[in-house]
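Source file: query.cif (mmCIF, C-alpha atoms)
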data_data
loop_
_atom_site.label_atom_id
_atom_site.label_comp_id
_atom_site.auth_asym_id
_atom_site.auth_seq_id
_atom_site.Cartn_x
_atom_site.Cartn_y
_atom_site.Cartn_z
CA VAL A 1 -0.07 23.67 -11.73
CA SER A 2 1.92 22.22 -8.86
CA ASN A 3 1.43 22.25 -5.11
CA ARG A 4 -2.15 22.99 -4.14
CA THR A 5 -3.71 24.30 -0.95
CA ASP A 6 -7.13 25.21 0.32
CA ASN A 7 -8.06 26.63 3.73
CA PHE A 8 -11.75 26.71 2.75
CA ASN A 9 -12.07 30.26 4.15
CA ARG A 10 -14.94 31.55 2.04
CA GLY A 11 -18.67 31.97 2.16
CA ASP A 12 -20.99 29.16 3.12
CA THR A 13 -22.63 27.19 0.36
CA SER A 14 -24.07 23.72 0.10
CA ASN A 15 -23.23 23.10 -3.51
CA ALA A 16 -20.15 24.92 -4.71
CA ILE A 17 -16.96 24.06 -2.96
CA GLY A 18 -15.49 26.41 -5.50
CA THR A 19 -12.07 27.89 -5.97
CA PRO A 20 -9.36 26.91 -3.47
CA SER A 21 -7.52 29.53 -1.46
CA ASP A 22 -4.46 29.08 -3.69
CA ALA A 23 -6.57 30.57 -6.49
CA GLY A 24 -5.72 27.67 -8.76
CA SER A 25 -8.20 25.58 -10.68
CA ASP A 26 -11.56 24.91 -9.07
CA TRP A 27 -12.49 21.83 -7.13
CA VAL A 28 -14.23 19.23 -9.26
CA GLN A 29 -17.15 17.45 -7.63
CA SER A 30 -16.69 14.04 -9.21
CA GLN A 31 -19.31 12.47 -7.00
CA GLY A 32 -21.66 13.97 -4.43
CA THR A 33 -22.39 17.56 -3.53
CA TRP A 34 -19.63 19.48 -1.82
CA GLY A 35 -19.88 22.80 -0.04
CA ILE A 36 -18.45 25.19 2.49
CA ALA A 37 -19.63 25.58 6.10
CA SER A 38 -17.98 27.92 8.59
CA ASN A 39 -14.73 28.01 6.65
CA THR A 40 -14.48 24.26 6.26
CA GLY A 41 -15.26 21.91 3.39
CA TYR A 42 -17.88 19.18 3.58
CA GLU A 43 -20.05 16.84 1.56
CA SER A 44 -23.52 18.27 1.99
CA SER A 45 -25.84 15.64 0.56
CA ALA A 46 -25.06 12.78 2.95
CA ALA A 47 -26.28 10.63 0.11
CA GLY A 48 -24.50 8.36 -2.28
CA ALA A 49 -21.45 6.38 -1.40
CA GLN A 50 -18.03 7.25 -2.72
CA ASN A 51 -18.36 11.02 -2.79
CA ILE A 52 -15.23 12.64 -4.15
CA ALA A 53 -14.05 16.20 -4.77
CA GLN A 54 -10.65 16.58 -6.37
CA LEU A 55 -8.11 19.09 -7.55
CA GLU A 56 -5.75 18.92 -10.50
CA SER A 57 -2.11 19.24 -9.46
CA SER A 58 -0.13 17.92 -12.44
CA LEU A 59 1.79 15.92 -9.85
CA ALA A 60 1.56 12.18 -9.39
CA ASP A 61 4.05 11.79 -6.52
CA VAL A 62 2.62 13.84 -3.69
CA ASP A 63 1.79 14.19 -0.03
CA THR A 64 -1.91 14.93 0.32
CA GLN A 65 -3.06 16.16 3.69
CA VAL A 66 -6.20 17.36 5.37
CA THR A 67 -7.33 18.27 8.87
CA LEU A 68 -10.53 16.64 10.10
CA SER A 69 -11.71 19.68 12.01
CA LEU A 70 -14.92 17.91 12.98
CA VAL A 71 -15.30 14.14 12.87
CA GLY A 72 -18.90 13.05 12.30
CA GLY A 73 -20.41 10.27 14.36
CA SER A 74 -20.68 8.04 11.32
CA ALA A 75 -17.58 9.32 9.59
CA ASP A 76 -16.29 7.31 6.67
CA THR A 77 -13.97 9.85 5.26
CA GLY A 78 -10.51 10.87 4.19
CA LEU A 79 -8.26 11.40 1.22
CA VAL A 80 -8.32 10.28 -2.37
CA ALA A 81 -5.17 10.20 -4.45
CA ARG A 82 -4.27 9.51 -8.06
CA PHE A 83 -7.86 9.93 -9.11
CA ALA A 84 -8.63 9.09 -12.74
CA ASP A 85 -12.39 8.67 -12.55
CA THR A 86 -14.94 7.33 -10.11
CA SER A 87 -13.80 3.78 -10.86
CA ASN A 88 -10.04 4.27 -10.54
CA TYR A 89 -8.23 5.90 -7.59
CA LEU A 90 -6.59 5.34 -4.20
CA LEU A 91 -8.11 5.92 -0.76
CA TRP A 92 -6.77 6.60 2.74
CA ILE A 93 -9.75 6.85 5.06
CA TYR A 94 -11.00 6.71 8.61
CA THR A 95 -14.20 4.73 9.14
CA VAL A 96 -16.11 4.76 12.41
CA SER A 97 -18.07 1.61 11.61
CA ALA A 98 -14.91 -0.28 10.70
CA SER A 99 -13.19 1.10 13.79
CA GLY A 100 -10.07 2.25 12.10
CA LEU A 101 -8.02 3.34 9.16
CA ARG A 102 -7.95 1.67 5.80
CA MET A 103 -6.08 2.07 2.55
CA PHE A 104 -7.69 0.98 -0.71
CA LYS A 105 -7.03 0.96 -4.38
CA VAL A 106 -10.00 1.11 -6.71
CA VAL A 107 -9.36 -0.38 -10.15
CA GLY A 108 -12.09 -0.82 -12.71
CA GLY A 109 -14.59 -0.10 -9.97
CA SER A 110 -13.34 -2.95 -7.77
CA PHE A 111 -12.03 -2.23 -4.28
CA THR A 112 -8.89 -3.87 -2.93
CA GLN A 113 -7.94 -3.20 0.67
CA LEU A 114 -4.19 -2.66 0.78
CA GLY A 115 -3.85 -2.30 4.51
CA SER A 116 -5.66 -1.43 7.69
CA THR A 117 -5.30 -0.78 11.36
CA SER A 118 -7.95 -0.74 14.05
CA THR A 119 -5.77 0.97 16.61
CA TYR A 120 -7.05 4.47 15.99
CA THR A 121 -10.12 6.49 16.87
CA ALA A 122 -10.33 9.87 15.21
CA ALA A 123 -10.60 13.09 17.16
CA ASN A 124 -11.46 16.57 15.99
CA GLY A 125 -8.35 18.23 14.62
CA ASP A 126 -6.58 15.06 13.54
CA VAL A 127 -4.49 15.39 10.40
CA LEU A 128 -4.64 12.67 7.77
CA LYS A 129 -1.76 12.43 5.32
CA PHE A 130 -1.47 10.12 2.33
CA THR A 131 1.89 9.93 0.61
CA VAL A 132 2.06 8.39 -2.82
CA SER A 133 5.52 8.13 -4.32
CA SER A 134 6.17 6.00 -7.35
CA SER A 135 4.66 2.69 -6.21
CA THR A 136 5.07 3.29 -2.50
CA LEU A 137 2.02 4.31 -0.49
CA ASN A 138 1.95 5.42 3.15
CA GLY A 139 -0.92 6.50 5.37
CA TYR A 140 -0.33 8.76 8.37
CA VAL A 141 -2.30 10.35 11.19
CA ASN A 142 -0.84 13.34 13.01
CA GLY A 143 2.55 12.56 11.49
CA ALA A 144 2.64 8.94 12.65
CA LEU A 145 2.78 6.20 10.03
CA LYS A 146 -0.29 4.01 10.47
CA VAL A 147 -0.34 1.86 7.33
CA GLY A 148 2.55 1.34 4.97
CA PRO A 149 4.70 1.14 3.12
CA GLN A 150 2.39 -0.55 0.67
CA THR A 151 3.53 -1.35 -2.85
CA ASP A 152 1.09 -0.60 -5.61
CA GLY A 153 1.41 1.30 -8.83
CA ALA A 154 -2.27 1.61 -9.66
CA GLY A 155 -2.84 4.93 -11.38
CA ALA A 156 0.77 5.91 -10.76
CA THR A 157 0.68 8.75 -13.27
CA ASN A 158 -2.64 10.25 -12.21
CA THR A 159 -2.37 13.80 -10.91
CA LYS A 160 -5.72 14.56 -9.32
CA HIS A 161 -6.07 14.27 -5.55
CA GLY A 162 -8.70 15.32 -3.07
CA LEU A 163 -11.34 14.50 -0.51
CA ARG A 164 -13.67 11.60 -0.05
CA SER A 165 -16.79 11.16 2.09
CA PHE A 166 -19.37 8.40 2.42
CA ASN A 167 -22.93 9.23 3.51
CA ASP A 168 -21.64 11.78 5.99
CA ALA A 169 -22.54 15.45 6.01
CA ALA A 170 -21.25 16.04 9.51
CA THR A 171 -17.51 15.73 9.02
CA ARG A 172 -15.67 18.95 8.22
CA PHE A 173 -12.40 19.25 6.31
CA ASP A 174 -9.85 22.03 6.74
CA ASP A 175 -6.39 22.97 5.49
CA PHE A 176 -6.14 20.61 2.55
CA SER A 177 -2.87 20.44 0.66
CA ILE A 178 -1.15 18.61 -2.15
CA THR A 179 2.63 18.81 -1.96
CA ASN A 180 5.17 17.48 -4.41
CA ASN A 181 7.19 14.91 -2.52
CA GLY A 182 9.89 15.00 -5.16
CA ALA A 183 10.30 11.31 -5.28
CA ALA A 184 9.45 10.55 -8.86
CA GLY A 185 11.20 7.41 -9.92
CA GLY A 186 12.03 6.50 -6.35
CA ALA A 187 12.65 3.02 -5.12
CA THR A 188 9.84 0.68 -4.37
CA THR A 189 9.44 -1.56 -1.40
CA ALA A 190 8.06 -5.02 -1.08
CA GLY A 191 4.59 -5.12 0.33
CA ILE A 192 4.40 -8.52 1.81
CA LEU A 193 1.76 -8.65 4.46
CA LEU A 194 3.45 -8.54 7.78
CA VAL A 195 2.87 -8.29 11.43
CA PRO A 196 4.02 -6.36 13.29
CA GLY A 197 5.31 -3.21 11.71
CA ASN A 198 8.88 -3.41 12.87
CA MET A 199 9.73 -5.78 10.06
CA ARG A 200 8.57 -3.46 7.36
CA GLY A 201 11.90 -2.09 6.32
CA ASN A 202 13.58 -5.43 6.28
CA LEU A 203 11.11 -7.00 3.93
CA GLY A 204 11.97 -4.26 1.48
CA ASN A 205 15.00 -6.36 0.73
CA LEU A 206 12.80 -8.67 -1.24
CA SER A 207 12.05 -6.15 -3.92
CA GLY A 208 14.15 -4.77 -6.69
CA GLY A 209 17.61 -5.73 -7.84
CA HIS A 210 18.67 -9.18 -8.75
CA MET A 211 18.23 -12.22 -6.67
CA GLN A 212 21.12 -12.77 -4.32
CA VAL B 1 9.52 -14.60 18.61
CA GLY B 2 9.45 -16.92 15.61
CA ILE B 3 8.82 -16.07 11.97
CA ARG B 4 7.14 -18.21 9.37
CA VAL B 5 6.18 -17.60 5.76
CA TYR B 6 2.61 -18.38 4.74
CA LEU B 7 0.42 -17.97 1.71
CA SER B 8 -2.75 -16.10 2.60
CA PRO B 9 -5.78 -16.47 0.35
CA ILE B 10 -7.31 -13.38 -1.19
CA VAL B 11 -10.94 -13.02 -0.17
CA GLY B 12 -13.68 -10.55 -0.98
CA THR B 13 -15.82 -9.62 -3.94
CA GLY B 14 -14.35 -6.25 -4.82
CA THR B 15 -17.13 -4.13 -3.35
CA TYR B 16 -16.44 -1.42 -0.81
CA ALA B 17 -18.19 -3.45 1.86
CA ASN B 18 -16.33 -6.61 0.94
CA PRO B 19 -13.12 -5.56 -0.78
CA TYR B 20 -10.50 -7.92 -2.15
CA ARG B 21 -7.97 -8.39 0.62
CA ALA B 22 -5.63 -10.87 2.20
CA LYS B 23 -7.65 -13.14 4.45
CA ALA B 24 -5.04 -12.52 7.14
CA ASN B 25 -6.57 -9.06 7.51
CA ASP B 26 -9.70 -10.69 8.87
CA LEU B 27 -7.81 -12.36 11.69
CA GLY B 28 -7.28 -9.10 13.49
CA LEU B 29 -3.74 -8.47 12.36
CA GLN B 30 -3.17 -4.89 13.32
CA TYR B 31 -0.57 -3.73 10.89
CA SER B 32 -0.30 -5.04 7.45
CA GLY B 33 0.97 -4.40 4.01
CA GLU B 34 0.27 -6.67 1.14
CA LEU B 35 0.75 -7.24 -2.53
CA VAL B 36 -2.53 -7.80 -4.33
CA PRO B 37 -2.02 -7.24 -8.05
CA ASN B 38 -5.14 -6.74 -10.13
CA LYS B 39 -6.23 -7.72 -13.58
CA PRO B 40 -7.49 -4.82 -15.69
CA ASP B 41 -11.03 -5.43 -14.48
CA GLY B 42 -9.88 -4.95 -10.90
CA SER B 43 -10.09 -8.58 -9.84
CA PRO B 44 -7.02 -10.15 -8.22
CA GLN B 45 -4.32 -11.53 -10.50
CA PHE B 46 -3.36 -14.17 -7.94
CA ASP B 47 -5.59 -15.94 -5.47
CA CYS B 48 -3.08 -15.53 -2.66
CA THR B 49 -0.36 -13.30 -1.32
CA VAL B 50 2.66 -13.85 0.90
CA ILE B 51 2.63 -13.11 4.61
CA ALA B 52 5.40 -13.33 7.21
CA PRO B 53 3.73 -13.50 10.60
CA PHE B 54 5.27 -13.76 14.04
CA ARG B 55 4.52 -16.69 16.34
CA ALA B 56 1.61 -15.00 18.07
CA THR B 57 -0.59 -15.49 15.02
CA TRP B 58 0.48 -18.98 14.00
CA ALA B 59 -2.26 -20.77 15.91
CA LEU B 60 -4.90 -18.68 14.16
CA LEU B 61 -3.37 -19.37 10.79
CA ASP B 62 -2.84 -23.07 11.39
CA ALA B 63 -6.46 -23.46 12.44
CA ASP B 64 -7.52 -22.35 8.98
CA ALA B 65 -6.58 -24.77 6.22
CA THR B 66 -6.70 -22.04 3.60
CA PHE B 67 -3.45 -20.63 4.95
CA GLU B 68 -0.48 -22.62 3.69
CA ARG B 69 3.02 -22.70 5.14
CA LEU B 70 5.22 -21.92 2.18
CA PHE B 71 8.19 -24.07 3.20
CA ASP B 72 6.19 -26.48 5.33
CA ILE B 73 8.07 -27.97 8.26
CA ASP B 74 11.41 -27.51 6.55
CA LEU B 75 11.53 -23.94 7.84
CA PRO B 76 12.36 -24.29 11.54
CA ASP B 77 10.30 -22.47 14.13
CA SER B 78 13.47 -21.38 15.88
CA ILE B 79 14.04 -18.50 13.47
CA ASN B 80 13.42 -15.29 15.36
CA THR B 81 14.54 -12.38 13.23
CA TRP B 82 14.36 -11.31 9.64
CA SER B 83 18.15 -11.59 9.33
CA GLU B 84 18.02 -15.15 10.56
CA LEU B 85 15.21 -15.94 8.16
CA LYS B 86 17.05 -14.44 5.22
CA ALA B 87 20.29 -16.21 6.11
CA PHE B 88 18.50 -19.53 6.50
CA LEU B 89 16.64 -19.19 3.21
CA GLN B 90 19.88 -18.27 1.47
CA SER B 91 21.62 -21.29 2.95
CA LYS B 92 19.11 -23.84 1.67
CA THR B 93 18.49 -24.98 -1.86
CA VAL B 94 15.49 -26.64 -3.38
CA GLY B 95 17.54 -29.80 -3.54
CA ASP B 96 17.69 -29.83 0.25
CA ILE B 97 13.96 -30.39 0.50
CA PRO B 98 12.90 -34.05 0.65
CA ALA B 99 11.33 -35.12 -2.63
CA LEU B 100 7.75 -35.41 -1.45
CA ARG B 101 7.71 -32.01 0.20
CA ARG B 102 9.55 -30.56 -2.81
CA GLN B 103 6.75 -31.77 -5.02
CA ALA B 104 4.23 -30.38 -2.56
CA LEU B 105 5.93 -26.98 -2.72
CA ASN B 106 5.87 -27.11 -6.49
CA THR B 107 2.20 -27.98 -6.50
CA ARG B 108 1.47 -25.27 -3.96
CA LEU B 109 3.08 -22.59 -6.10
CA THR B 110 1.79 -23.67 -9.48
CA ASN B 111 -1.73 -24.12 -8.16
CA HIS B 112 -1.64 -20.45 -7.22
CA GLY B 113 -0.41 -19.42 -10.65
CA PHE B 114 3.25 -18.79 -9.88
CA ASP B 115 5.68 -19.54 -12.69
CA THR B 116 8.33 -21.90 -11.37
CA SER B 117 9.83 -22.84 -14.69
CA GLN B 118 13.31 -21.57 -13.86
CA VAL B 119 13.76 -23.21 -10.51
CA THR B 120 16.44 -25.87 -10.29
CA LEU B 121 17.71 -28.03 -7.47
CA ALA B 122 20.37 -25.38 -6.93
CA THR B 123 17.85 -22.55 -6.52
CA THR B 124 17.92 -21.22 -2.98
CA TRP B 125 14.77 -20.89 -0.94
CA TRP B 126 15.50 -17.18 -0.80
CA GLN B 127 15.40 -17.08 -4.59
CA VAL B 128 12.12 -18.97 -4.61
CA LEU B 129 10.59 -16.45 -2.21
CA ARG B 130 12.02 -13.50 -4.11
CA GLY B 131 10.76 -14.94 -7.35
CA MET B 132 7.26 -15.10 -5.92
CA VAL B 133 7.43 -11.57 -4.60
CA GLN B 134 8.72 -10.32 -7.91
CA GLN B 135 5.84 -11.97 -9.71
CA LEU B 136 3.46 -10.28 -7.33
CA ASN B 137 5.35 -7.01 -7.72
CA ASN B 138 5.22 -7.23 -11.48
CA GLY B 139 1.49 -7.13 -11.14
CA VAL B 140 1.38 -4.05 -8.97
CA LEU B 141 4.24 -1.96 -10.36
CA PRO B 142 3.57 0.07 -13.48
CA SER B 143 6.31 -1.60 -15.51
CA GLY B 144 7.51 -4.37 -13.27
CA ASP B 145 10.58 -3.96 -11.14
CA GLY B 146 13.01 -4.64 -13.93
CA VAL B 147 13.75 -8.16 -12.85
CA GLY B 148 12.35 -11.05 -14.82
CA VAL B 149 13.00 -13.76 -12.32
CA ALA B 150 10.71 -16.72 -12.31
CA PRO B 151 11.24 -19.72 -10.14
CA SER B 152 10.52 -23.23 -11.60
CA VAL B 153 9.43 -26.42 -10.92
CA ALA B 154 11.21 -28.61 -13.17
CA ALA B 155 13.48 -29.47 -10.36
CA LEU B 156 11.03 -29.19 -7.55
#
Would you write the structure of this file as structure tokens?
Amino acid sequence: VSNRTDNFNRGDTSNAIGTPSDAGSDWVQSQGTWGIASNTGYESSAAGAQNIAQLESSLADVDTQVTLSLVGGSADTGLVARFADTSNYLLWIYTVSASGLRMFKVVGGSFTQLGSTSTYTAANGDVLKFTVSSSTLNGYVNGALKVGPQTDGAGATNTKHGLRSFNDAATRFDDFSITNNGAAGGATTAGILLVPGNMRGNLGNLSGGHMQ
Amino acid sequence: VGIRVYLSPIVGTGTYANPYRAKANDLGLQYSGELVPNKPDGSPQFDCTVIAPFRATWALLDADATFERLFDIDLPDSINTWSELKAFLQSKTVGDIPALRRQALNTRLTNHGFDTSQVTLATTWWQVLRGMVQQLNNGVLPSGDGVGVAPSVAAL
């Protein structure tokens, strides 16, 4: 198993998101009920909280990406990476009620918010991308870095990645992919909280190597 | 512009609605990255993290006593760029800090759980800051960052 893709182009169903278009291993509904509607993926129950469907990739350092072909009015949705179980994973999500984008790690069932920005309102067709490389995490929308680089190695060897939805059956996912970013063992960056973003690279000097 | 270094408390209860996070996030800071290492149960390993905000947010931070200026008034407000900050921190040693504020710095760090046992009067402020970041990093990297630096207080 390596790179994974799914265009969700298959018959409608409310409870069998099924086999991806790459014909690899099936989606696993770790939480919630996931289906297909008009050649898009979605969480059909609109119940429960952290609803997750994930694919095995055998890759821990990846770019995961999905198109939000339809953004629900109460969307709280996005990508999950390095999924181990429903108590341990990473999130890169858009939340209408929180007015923005947020990155989380979930460890032992506890949520830690790694970064956020409120300067974004999702539109149909927006592309979310979550890159996880060694201990460096970046969240993008339409190719623009929105949050990151964050430093966190939680679940750094986990190889399952996928979709996440929260009480939202309206949002539709399309063109999901998991791509090896080939950065295993790459350098890490310091994740000191900073404002604004133009200091990000510089603060990387604080991490790694010996004190100077 | 102005750059300072603060310690931001970690707030939250670890739920999705109220996640652990740097309190600075709640002040409307628009772009942030932070180091929040966890214990195995998911709770924070430290009760604070380091932030480096520009002048525009200082008033907000100073109005909240839970935010602490790492180097107190010994770090001048005239520093405007990261290079200037780094150069200044590299040019100063712990011994340059007046005794009372040196003790206050020591107390500030140890109260938050930072190991300062290797700091001496000759330790630069840059090394103190890097030591803190490395301790935070060691909590969030799978096997640490390969550097076992720990600042100390014996000389603080």
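Residues matched by the PyMOL selection byres ((chain B and resi 15-17) around 6) in this file: Ser110 and Phe111 of chain A; Thr13, Gly14, Asn18 and Pro19 of chain B.
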List the spatial neighbours of stretch 88-93 of chain A as a list of chain:residue names - criterion: any atom at most 7 Å away, all atoms listed in the file, same-chain residues fewer than 5 positions off excluded. A:Asp76, A:Thr77, A:Gly78, A:Leu79, A:Val80, A:Ala81, A:Arg82, A:Phe83, A:Leu101, A:Arg102, A:Met103, A:Phe104, A:Lys105, A:Val106, A:Val107, A:Gly108, A:Gly109, A:Phe130, A:Gly139, A:Gly155
Next, the residues of the selection above should be written as a CSV table (one decimal), in the coordinates of the input with C-alpha atoms.
chain,number,residue,atom,x,y,z
A,76,ASP,CA,-16.3,7.3,6.7
A,77,THR,CA,-14.0,9.8,5.3
A,78,GLY,CA,-10.5,10.9,4.2
A,79,LEU,CA,-8.3,11.4,1.2
A,80,VAL,CA,-8.3,10.3,-2.4
A,81,ALA,CA,-5.2,10.2,-4.4
A,82,ARG,CA,-4.3,9.5,-8.1
A,83,PHE,CA,-7.9,9.9,-9.1
A,101,LEU,CA,-8.0,3.3,9.2
A,102,ARG,CA,-8.0,1.7,5.8
A,103,MET,CA,-6.1,2.1,2.6
A,104,PHE,CA,-7.7,1.0,-0.7
A,105,LYS,CA,-7.0,1.0,-4.4
A,106,VAL,CA,-10.0,1.1,-6.7
A,107,VAL,CA,-9.4,-0.4,-10.2
A,108,GLY,CA,-12.1,-0.8,-12.7
A,109,GLY,CA,-14.6,-0.1,-10.0
A,130,PHE,CA,-1.5,10.1,2.3
A,139,GLY,CA,-0.9,6.5,5.4
A,155,GLY,CA,-2.8,4.9,-11.4
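At a cut-off of 6 Å from (-1.9, 7.4, 15.7), the residue set is A:Tyr120, A:Val141, A:Ala144 (counting only C-alpha atoms).
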Once the PyMOL selection byres ((chain A and resi 5) around 9) has been applied to the shown file, what residues remain in the selection, as a list in words? Asn3, Arg4, Asp6, Asn7, Pro20, Ser21, Asp22, Ala23, Gly24, Asp175, Phe176, Ser177, Ile178 and Thr179 of chain A
Using the chain letters and numbers from the file, which residues does the PyMOL selection byres ((chain B and resi 91-102) around 9) grab, as a PyMOL selection string? chain B and resi 71-72+74+86-90+103-107+119-128+155-156
The selected residues should be written to file as a short mmCIF file (atom, residue, chain, number, x, y, z; two decimals), keeping the file's coordinate frame (atoms: C-alpha atoms).
data_model
loop_
_atom_site.label_atom_id
_atom_site.label_comp_id
_atom_site.auth_asym_id
_atom_site.auth_seq_id
_atom_site.Cartn_x
_atom_site.Cartn_y
_atom_site.Cartn_z
CA PHE B 71 8.19 -24.07 3.20
CA ASP B 72 6.19 -26.48 5.33
CA ASP B 74 11.41 -27.51 6.55
CA LYS B 86 17.05 -14.44 5.22
CA ALA B 87 20.29 -16.21 6.11
CA PHE B 88 18.50 -19.53 6.50
CA LEU B 89 16.64 -19.19 3.21
CA GLN B 90 19.88 -18.27 1.47
CA GLN B 103 6.75 -31.77 -5.02
CA ALA B 104 4.23 -30.38 -2.56
CA LEU B 105 5.93 -26.98 -2.72
CA ASN B 106 5.87 -27.11 -6.49
CA THR B 107 2.20 -27.98 -6.50
CA VAL B 119 13.76 -23.21 -10.51
CA THR B 120 16.44 -25.87 -10.29
CA LEU B 121 17.71 -28.03 -7.47
CA ALA B 122 20.37 -25.38 -6.93
CA THR B 123 17.85 -22.55 -6.52
CA THR B 124 17.92 -21.22 -2.98
CA TRP B 125 14.77 -20.89 -0.94
CA TRP B 126 15.50 -17.18 -0.80
CA GLN B 127 15.40 -17.08 -4.59
CA VAL B 128 12.12 -18.97 -4.61
CA ALA B 155 13.48 -29.47 -10.36
CA LEU B 156 11.03 -29.19 -7.55
#
Pairwise distance, atom CA of A:Pro149 with atom CA of A:Leu137, equals 5.5 Å
Any idea what's packed within 10 Å of B:Asn80, counting all atoms listed in the file, ignoring anything in its chain fewer than 3 positions away? Could you give it as a VMD selection string? chain B and resid 1 to 4 54 to 55 76 to 77 83 to 85
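Closest approach to chain A among B:Gln45, B:Asn38, B:Gln118, B:Thr66: B:Asn38, based on all atoms listed in the file.
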note - atom CA of A:Arg10 and atom CA of A:Ala37 are separated by 8.6 Å
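The interatomic distance for the pair atom CA of A:Asn51 and atom CA of A:Asn181 works out to 25.8 Å.
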Within 8 Å of A:Gly100 using only C-alpha atoms, minus same-chain residues under 4 positions, as a list of chain:residue names: A:Tyr94, A:Thr95, A:Val96, A:Ser116, A:Thr117, A:Ser118, A:Thr119, A:Tyr120, A:Thr121
Suppose we keep C-alpha atoms; can you now write the selection as a tab-separated table (two decimals), in the coordinates of the input?
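Result file is part05.tsv:
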chain	number	residue	atom	x	y	z
A	94	TYR	CA	-11.00	6.71	8.61
A	95	THR	CA	-14.20	4.73	9.14
A	96	VAL	CA	-16.11	4.76	12.41
A	116	SER	CA	-5.66	-1.43	7.69
A	117	THR	CA	-5.30	-0.78	11.36
A	118	SER	CA	-7.95	-0.74	14.05
A	119	THR	CA	-5.77	0.97	16.61
A	120	TYR	CA	-7.05	4.47	15.99
A	121	THR	CA	-10.12	6.49	16.87
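Every protein or nucleic acid residue with an atom no more than 10 Å from A:Glu43, counting only C-alpha atoms and leaving out same-chain residues fewer than 3 positions away, appears here: A:Ser14, A:Asn15, A:Ile17, A:Gln29, A:Gln31, A:Gly32, A:Thr33, A:Trp34, A:Gly35, A:Ile36, A:Ala37, A:Ala46, A:Ala47, A:Asn51, A:Ile52, A:Ala53, A:Thr77, A:Leu163, A:Arg164, A:Ser165, A:Phe166, A:Asn167, A:Asp168, A:Ala169, A:Ala170, A:Thr171, A:Arg172, A:Phe173.
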Since the input is missing atoms for stretch 112-116 of chain B, could you rebuild it with all heavy atoms and give the result as a PDB file, keeping the file's coordinate frame?
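Output file part.pdb follows:
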ATOM      1  N   HIS B 112      -1.297 -21.865  -7.438  1.00  0.00           N
ATOM      2  CA  HIS B 112      -1.640 -20.450  -7.220  1.00  0.00           C
ATOM      3  C   HIS B 112      -1.221 -19.582  -8.405  1.00  0.00           C
ATOM      4  O   HIS B 112      -1.336 -18.360  -8.338  1.00  0.00           O
ATOM      5  CB  HIS B 112      -0.990 -19.945  -5.937  1.00  0.00           C
ATOM      6  CG  HIS B 112      -1.610 -20.503  -4.691  1.00  0.00           C
ATOM      7  ND1 HIS B 112      -2.924 -20.267  -4.338  1.00  0.00           N
ATOM      8  CD2 HIS B 112      -1.109 -21.307  -3.715  1.00  0.00           C
ATOM      9  CE1 HIS B 112      -3.193 -20.894  -3.194  1.00  0.00           C
ATOM     10  NE2 HIS B 112      -2.119 -21.532  -2.813  1.00  0.00           N
ATOM     11  N   GLY B 113      -0.719 -20.189  -9.449  1.00  0.00           N
ATOM     12  CA  GLY B 113      -0.410 -19.420 -10.650  1.00  0.00           C
ATOM     13  C   GLY B 113       0.999 -18.859 -10.726  1.00  0.00           C
ATOM     14  O   GLY B 113       1.311 -18.069 -11.613  1.00  0.00           O
ATOM     15  N   PHE B 114       1.870 -19.273  -9.813  1.00  0.00           N
ATOM     16  CA  PHE B 114       3.250 -18.790  -9.880  1.00  0.00           C
ATOM     17  C   PHE B 114       4.024 -19.595 -10.917  1.00  0.00           C
ATOM     18  O   PHE B 114       3.887 -20.814 -10.998  1.00  0.00           O
ATOM     19  CB  PHE B 114       3.936 -18.918  -8.517  1.00  0.00           C
ATOM     20  CG  PHE B 114       3.410 -17.945  -7.492  1.00  0.00           C
ATOM     21  CD1 PHE B 114       2.501 -18.352  -6.533  1.00  0.00           C
ATOM     22  CD2 PHE B 114       3.820 -16.616  -7.504  1.00  0.00           C
ATOM     23  CE1 PHE B 114       2.007 -17.461  -5.593  1.00  0.00           C
ATOM     24  CE2 PHE B 114       3.329 -15.720  -6.564  1.00  0.00           C
ATOM     25  CZ  PHE B 114       2.419 -16.139  -5.610  1.00  0.00           C
ATOM     26  N   ASP B 115       4.836 -18.898 -11.690  1.00  0.00           N
ATOM     27  CA  ASP B 115       5.680 -19.540 -12.690  1.00  0.00           C
ATOM     28  C   ASP B 115       6.945 -20.040 -12.000  1.00  0.00           C
ATOM     29  O   ASP B 115       7.721 -19.255 -11.459  1.00  0.00           O
ATOM     30  CB  ASP B 115       6.033 -18.523 -13.768  1.00  0.00           C
ATOM     31  CG  ASP B 115       6.980 -19.106 -14.806  1.00  0.00           C
ATOM     32  OD1 ASP B 115       7.280 -20.319 -14.745  1.00  0.00           O
ATOM     33  OD2 ASP B 115       7.422 -18.344 -15.686  1.00  0.00           O
ATOM     34  N   THR B 116       7.151 -21.330 -12.027  1.00  0.00           N
ATOM     35  CA  THR B 116       8.330 -21.900 -11.370  1.00  0.00           C
ATOM     36  C   THR B 116       9.266 -22.539 -12.380  1.00  0.00           C
ATOM     37  O   THR B 116      10.103 -23.368 -12.038  1.00  0.00           O
ATOM     38  CB  THR B 116       7.890 -22.948 -10.337  1.00  0.00           C
ATOM     39  OG1 THR B 116       7.107 -23.927 -10.991  1.00  0.00           O
ATOM     40  CG2 THR B 116       7.085 -22.332  -9.213  1.00  0.00           C
TER      41      THR B 116
END
